[in-house]
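Structure first, then comments.
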Amino acid sequence: MATAKKTTTTTRRPATAKAPADRKTPTPPKGKVQTLPNGDRVVTLDGLDLTITKEAADDFELLDLLARAEREQNPALLPELLRRLVGEDGFRAVLDHLRDPETKRVRIQPTIDFINRILAALNPNS
């Protein structure tokens with residue numbers, strides 16, 4: 001009489017295997033940038049158009065502020081950075097765009113992410 005030998009094997013995913021596409025964290029859509037004849041640029045993110053003036057794009061103090069925010073890991077510098085980048089009207093438009101409809105508050109991390117997306121759209125090769 002023949003006997004059957006039952007074997008069990010465990011399949012493990014190799015550590016170097018990539019996650020399936022349906023399990024990856026979705027990346028937000030990239031911004032669209034349009035350069036105007038006067039040198040200003042319009043960044044469109046999530047349907048919101050923000051004008052970055054050529055003066056703001058060439059502002060050494062803005063660059064210094066960005067470097068300090070990154071070096072010090074200090075999110076308290078970001079409101080001033082955003083104001084210098086998009087102006088007061090753009091600043092209010094971003095806050096209104098990111099405001100939670102239930103709590104009426106603007107959360108810090110989504111705002112940081114949005115600022116990073118603006119900067120990435122302006123300098124896509126960085």
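Each chain of the structure tokens is named A, B, ... in the order shown, its residues numbered from 1; ligands are numbered from 1 in display order.
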
Within 7 Å of stretch 33-57 of chain A, which residues of stretch 84-114 of chain A come that close, and what is the closest atom pair and distance in Å for each? Count only C-alpha atoms and give it as JSON lines.
{"residue": "A:Arg84", "atom": "CA", "partner": "A:Ala56", "partner_atom": "CA", "distance": 6.6}
{"residue": "A:Leu85", "atom": "CA", "partner": "A:Ala56", "partner_atom": "CA", "distance": 5.6}
{"residue": "A:Val86", "atom": "CA", "partner": "A:Ile52", "partner_atom": "CA", "distance": 5.4}
{"residue": "A:Gly90", "atom": "CA", "partner": "A:Leu50", "partner_atom": "CA", "distance": 6.1}

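The space separating atom CA of A:Glu70 from atom CA of A:Pro110 comes to 16.6 Å.
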
Within 12 Å of A:Leu95, counting only C-alpha atoms, which residues qualify if same-chain residues fewer than 2 places away don't, as an NGL selection string?
:A and (48 or 79 or 82-83 or 86 or 88-93 or 97-101 or 104-108 or 110-112 or 114-115)

Could you dump the residues just selected with C-alpha atoms as a compact mmCIF listing (two decimals), in the first residue's frame?
# COMPACT_ATOMS: atom_id res chain seq x y z
CA LEU A 48 -5.76 75.87 -7.17
CA PRO A 79 3.88 80.37 7.24
CA LEU A 82 4.56 80.46 2.13
CA ARG A 83 3.65 84.17 2.38
CA VAL A 86 2.80 83.21 -2.99
CA GLU A 88 -0.79 87.33 1.10
CA ASP A 89 -3.68 86.54 -1.27
CA GLY A 90 -2.08 83.23 -2.29
CA PHE A 91 -1.40 82.43 1.37
CA ARG A 92 -5.10 82.88 2.24
CA ALA A 93 -6.13 80.85 -0.83
CA HIS A 97 -8.05 75.25 0.12
CA LEU A 98 -6.58 73.08 2.90
CA ARG A 99 -9.09 74.00 5.62
CA ASP A 100 -10.93 71.01 7.08
CA PRO A 101 -14.65 71.54 6.38
CA LYS A 104 -12.52 74.72 10.13
CA ARG A 105 -8.83 74.25 10.98
CA VAL A 106 -5.81 73.94 8.73
CA ARG A 107 -3.70 70.96 9.75
CA ILE A 108 0.09 71.29 9.79
CA PRO A 110 -1.08 68.64 4.85
CA THR A 111 0.14 72.24 4.64
CA ILE A 112 3.78 71.14 4.79
CA PHE A 114 1.37 71.23 -0.06
CA ILE A 115 4.33 73.62 0.28

If you run DSSP over the backbone, which residues in stretch 26-91 of chain A end up helix (DSSP H, G or I)? Put them as a PyMOL selection string.
chain A and resi 54-57+60-72+75-91

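Atom pair atom CA of A:Asp64 / atom CA of A:Asp96 has a distance of 26.7 Å (rounded to one decimal).
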
Using DSSP secondary structure from the backbone, list all strand (DSSP E or B) positions within stretch 3-125 of chain A, as a PyMOL selection string.
chain A and resi 32-35+41-45+48-52

Output for the residues just chosen: N, CA and C atoms as a CSV table (one decimal), in the first residue's frame:
chain,number,residue,atom,x,y,z
A,32,LYS,N,1.1,71.6,-12.1
A,32,LYS,CA,1.4,72.0,-13.5
A,32,LYS,C,1.9,73.5,-13.4
A,33,VAL,N,2.9,73.8,-14.1
A,33,VAL,CA,3.5,75.1,-14.1
A,33,VAL,C,3.5,75.8,-15.4
A,34,GLN,N,3.0,77.0,-15.4
A,34,GLN,CA,2.9,77.8,-16.6
A,34,GLN,C,3.7,79.1,-16.4
A,35,THR,N,4.6,79.4,-17.3
A,35,THR,CA,5.4,80.7,-17.2
A,35,THR,C,4.7,81.7,-18.1
A,41,ARG,N,5.3,82.8,-12.7
A,41,ARG,CA,4.9,81.4,-13.0
A,41,ARG,C,3.6,81.1,-12.2
A,42,VAL,N,2.7,80.4,-12.8
A,42,VAL,CA,1.5,80.0,-12.2
A,42,VAL,C,1.6,78.5,-12.0
A,43,VAL,N,1.5,78.1,-10.7
A,43,VAL,CA,1.5,76.7,-10.3
A,43,VAL,C,0.1,76.3,-10.0
A,44,THR,N,-0.3,75.2,-10.6
A,44,THR,CA,-1.7,74.6,-10.4
A,44,THR,C,-1.6,73.3,-9.7
A,45,LEU,N,-2.1,73.3,-8.5
A,45,LEU,CA,-2.1,72.1,-7.6
A,45,LEU,C,-3.6,71.9,-7.1
A,48,LEU,N,-6.0,74.5,-7.7
A,48,LEU,CA,-5.8,75.9,-7.2
A,48,LEU,C,-4.6,76.5,-7.9
A,49,ASP,N,-4.8,77.7,-8.5
A,49,ASP,CA,-3.8,78.4,-9.2
A,49,ASP,C,-3.1,79.4,-8.3
A,50,LEU,N,-1.8,79.2,-8.2
A,50,LEU,CA,-1.0,80.1,-7.4
A,50,LEU,C,0.1,80.8,-8.2
A,51,THR,N,0.1,82.1,-8.1
A,51,THR,CA,1.1,82.9,-8.9
A,51,THR,C,2.4,83.1,-8.1
A,52,ILE,N,3.5,82.7,-8.6
A,52,ILE,CA,4.8,82.9,-8.0
A,52,ILE,C,5.5,84.0,-8.9

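Between atom CA of A:Gly31 and atom CA of A:Ile118 there is a distance of 7.1 Å.
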